[in-house]
Amino acid sequence: MPRYDRIVILTGAGLSAESGIATFRDKDGIWSRYNIEDVATPQAYARNPERVLDFYNMRREGLAGKQPNAAHKALARLEAEHKGEVVVVTQNIDNLHEAAGTKRMIHMHGELLSAWCLACGTRQAWPAPITLTSTCPHCTGVGRLRPDIVWFGEMPYQMEAIYEHLSEADLFVSIGTSGNVYPAAGFVAEARQNGVHTVELNLEPSEGASLFHETIHGPATRVVPGFVDRILRGE
Ligand code: BJW
C-alpha cells in the first residue's frame with residue numbers, strides 16, 4: 001500500500017541545470033546577464049518586440065540536443081509506477097519532462113516550443129524561431145505570433161487546476177526552484193493549509209525552505225532518484 005496517494009510535484013530551473021540549461025538566479029544565471037524588465041514583461045515586448053523575440057529564439061536554439069537527466073527520468077518512472085496519481089507542475093519552459101516520458105503535466109509558465117497568436121489566441125507547437133513577420137496559420141496568416149511564455153505581471157496557466165490538485169494531494173514535492181516567484185512560491189503554504197505533507201529537494205535551502213516538513217539538499221540527479229525509490233517503496 002503506498003503511503004501517499006495523490007502527489008503534486010512542482011519543478012523549477014534547478015531540475016534542468018544538469019541537462020545544461022541555465023537557471024535564473026544562480027551566480028551565472030540568466031538574470032545575471034539579462035534585465036527582467038528588458039526581456040520578460042509584456043511592457044518589454046510592447047517596447048521592443050525584436051529584442052524579446054531574439055531572447056526567446058536564442059533560448060529555443062539552446063534547447064537543441066539537450067537531454068532529460070536522471071531526475072527527469074526518475075519523475076517519469078514515478079508517474080508510471082506509482083499506484084496513485086502524480087501530477088507534475090513545472091515552471092520550466094523546456095520540454096525535458098515530456099522527453100523523459102512524463103505525461104500528466106502542466107507548464108504553468110508556458111513553453112518555448114509553442115507560439116501564441118495575438119489575434120485568434122491559438123497556442124500552437126512552434127519549433128522554429130518567431131520573428132516579427134511570423135504569422136498564425138490558423139487565422140490564414142494575419143495574426144502576429146508571440147512566444148507562449150508567461151511574463152511578469154501575466155497570469156500563469158491553469159491556476160484553477162493547480163489549486164484543485166493541491167487541495168486533493170497528500171504529498172507536495174518542490175524540486176529545483178528558488179522560491180522567489182509567485183504564485184508558485186506560495187504553493188507550499190497552500191499545500192500545508194490543506195494538510196498536505198511537503199518536501200523540498202533542492203541544491204541548497206530555498207527562500208521558503210523553513211515552510212517544508214522535510215528538506216533534502218543536493219543535486220537533483222542525485223537526490224530525486226533516491227526520493228522516488230523511497231516513495232515507490234511506500235516509505
Ligand atoms: C539545483 C541545481 C541542481 C541549481 N539540482 N537544484 C510581491 C509579492 C507577491 C507576488 C509578487 C510581488 N511582486 C510581484 C509579484 C508577482 C510576480 C513575482 O512573483 N515577482 C517576484 C519576483 C516577487 N509574479 C508574476 O508576475 C507571475 N504572475 C502573477 O503573479 O500573476 C498574477 C497577477 C497577474 C496580473 C496582475 C496581478 C497579479 C508571473 C511570473 C512569471 C515568471 N516568469 C519567468 C520567466 C518566463 C519564463 C522563462 O523565460 O523561462 O519564469 S521568471 C523565471 O523565474 C522563470 C522561472 O520559471 C521562474 C522561477 O525560477 P526558478 O525555477 O525558481 O529558478 P531559479 O533560478 O530562481 O532557482 C533555481 C534553483 O535551483 C535554485 O534554488 C538553485 O539552488 C537550484 N539548483 N542547480 C537541484 N543541479
# chains A, B, ... in the order shown; residues from 1 in each chain; ligands from 1
$ residues_around --residues "Thr131 of chain A" --least-positions-apart "2" --cutoff "8 Å" --atoms "only C-alpha atoms" --output "PyMOL selection string"
chain A and resi 50+53+129+133-134
$ residues_near_ligand --ligand "ligand 1" --cutoff "6 Å" --atoms "only C-alpha atoms and all ligand atoms" --output "ChimeraX atom specification"
/A:12-15,17-18,23-26,40,91-93,109,149-156,176-183,202-204,206,219-220
$ closest_residue --among "A:Asn69, A:Gln193, A:Thr11, A:Ser210" --to "His107 of chain A" --atoms "only C-alpha atoms"
A:Thr11
$ select_by_dssp --residues "segment 61-136 of chain A" --states "strand (DSSP E)" --output "PyMOL selection string"
chain A and resi 85-90+105-107+110-117+123-125
$ closest_residue --among "A:Ala76, A:Ala22, A:Leu145, A:Cys117" --to "Val224 of chain A" --atoms "only C-alpha atoms"
A:Ala76
$ closest_atom_pairs --of "segment 79-126 of chain A" --to "segment 55-60 of chain A" --cutoff "9 Å" --atoms "only C-alpha atoms" --output "tab-separated table"
residue	atom	partner	partner_atom	distance
A:Asp94	CA	A:Arg60	CA	8.3
A:Leu112	CA	A:Arg60	CA	6.0
A:Leu113	CA	A:Arg60	CA	7.0
$ write_last_selection --atoms "N, CA and C atoms" --output "PDB file, in the first residue's frame"
ATOM      1  N   ASP A  94      11.254  24.459 -20.900  1.00  0.00           N
ATOM      2  CA  ASP A  94      11.867  23.453 -21.784  1.00  0.00           C
ATOM      3  C   ASP A  94      10.922  22.246 -21.894  1.00  0.00           C
ATOM      4  N   LEU A 112       8.617  26.940 -24.484  1.00  0.00           N
ATOM      5  CA  LEU A 112       9.496  27.526 -25.513  1.00  0.00           C
ATOM      6  C   LEU A 112       9.116  27.087 -26.918  1.00  0.00           C
ATOM      7  N   LEU A 113       8.647  25.835 -27.044  1.00  0.00           N
ATOM      8  CA  LEU A 113       8.374  25.298 -28.385  1.00  0.00           C
ATOM      9  C   LEU A 113       6.928  25.520 -28.794  1.00  0.00           C
TER      10      LEU A 113
END
$ residues_around --residues "segment 64-67 of chain A" --least-positions-apart "5" --cutoff "8 Å" --atoms "only C-alpha atoms" --output "PyMOL selection string"
chain A and resi 19-21+96+99
$ atom_distance --atom1 "atom CA of Val228 of chain A" --atom2 "atom CA of Arg77 of chain A"
8.1 Å
$ residues_around --residues "Thr102 of chain A" --least-positions-apart "5" --cutoff "10 Å" --atoms "only C-alpha atoms" --output "list in words"
His72, Lys73, Ala74, Leu75, Ala76, Arg77, Leu78, Glu79, Ala80, Val86, Val87, Val88, Leu96 and His97 of chain A
$ residues_around --residues "Ala125 of chain A" --least-positions-apart "4" --cutoff "10 Å" --atoms "only C-alpha atoms" --output "PyMOL selection string"
chain A and resi 111-116+148
$ residues_around --residues "Ile7 of chain A" --least-positions-apart "5" --cutoff "8 Å" --atoms "only C-alpha atoms" --output "PyMOL selection string"
chain A and resi 84-87+169-173
$ decode --residues "segment 6-27 of chain A" --atoms "C-alpha atoms" --output "mmCIF file, in the first residue's frame"
data_model
loop_
_atom_site.group_PDB
_atom_site.id
_atom_site.type_symbol
_atom_site.label_atom_id
_atom_site.label_comp_id
_atom_site.auth_asym_id
_atom_site.auth_seq_id
_atom_site.Cartn_x
_atom_site.Cartn_y
_atom_site.Cartn_z
ATOM 1 C CA ARG A 6 -2.042 11.833 -4.762
ATOM 2 C CA ILE A 7 1.273 13.543 -5.389
ATOM 3 C CA VAL A 8 1.840 17.036 -6.787
ATOM 4 C CA ILE A 9 5.381 17.845 -7.918
ATOM 5 C CA LEU A 10 6.499 21.425 -8.607
ATOM 6 C CA THR A 11 9.682 21.740 -10.639
ATOM 7 C CA GLY A 12 11.951 24.685 -11.424
ATOM 8 C CA ALA A 13 15.115 25.536 -13.309
ATOM 9 C CA GLY A 14 17.376 23.529 -10.943
ATOM 10 C CA LEU A 15 15.861 20.308 -12.313
ATOM 11 C CA SER A 16 17.177 21.031 -15.822
ATOM 12 C CA ALA A 17 20.504 22.564 -14.688
ATOM 13 C CA GLU A 18 22.366 19.267 -15.035
ATOM 14 C CA SER A 19 20.993 18.918 -18.572
ATOM 15 C CA GLY A 20 22.919 22.086 -19.422
ATOM 16 C CA ILE A 21 20.064 24.607 -19.238
ATOM 17 C CA ALA A 22 20.885 27.727 -17.232
ATOM 18 C CA THR A 23 18.924 28.625 -14.092
ATOM 19 C CA PHE A 24 17.802 32.208 -13.442
ATOM 20 C CA ARG A 25 19.105 33.343 -10.075
ATOM 21 C CA ASP A 26 22.288 31.315 -9.583
ATOM 22 C CA LYS A 27 25.603 33.154 -9.926
#
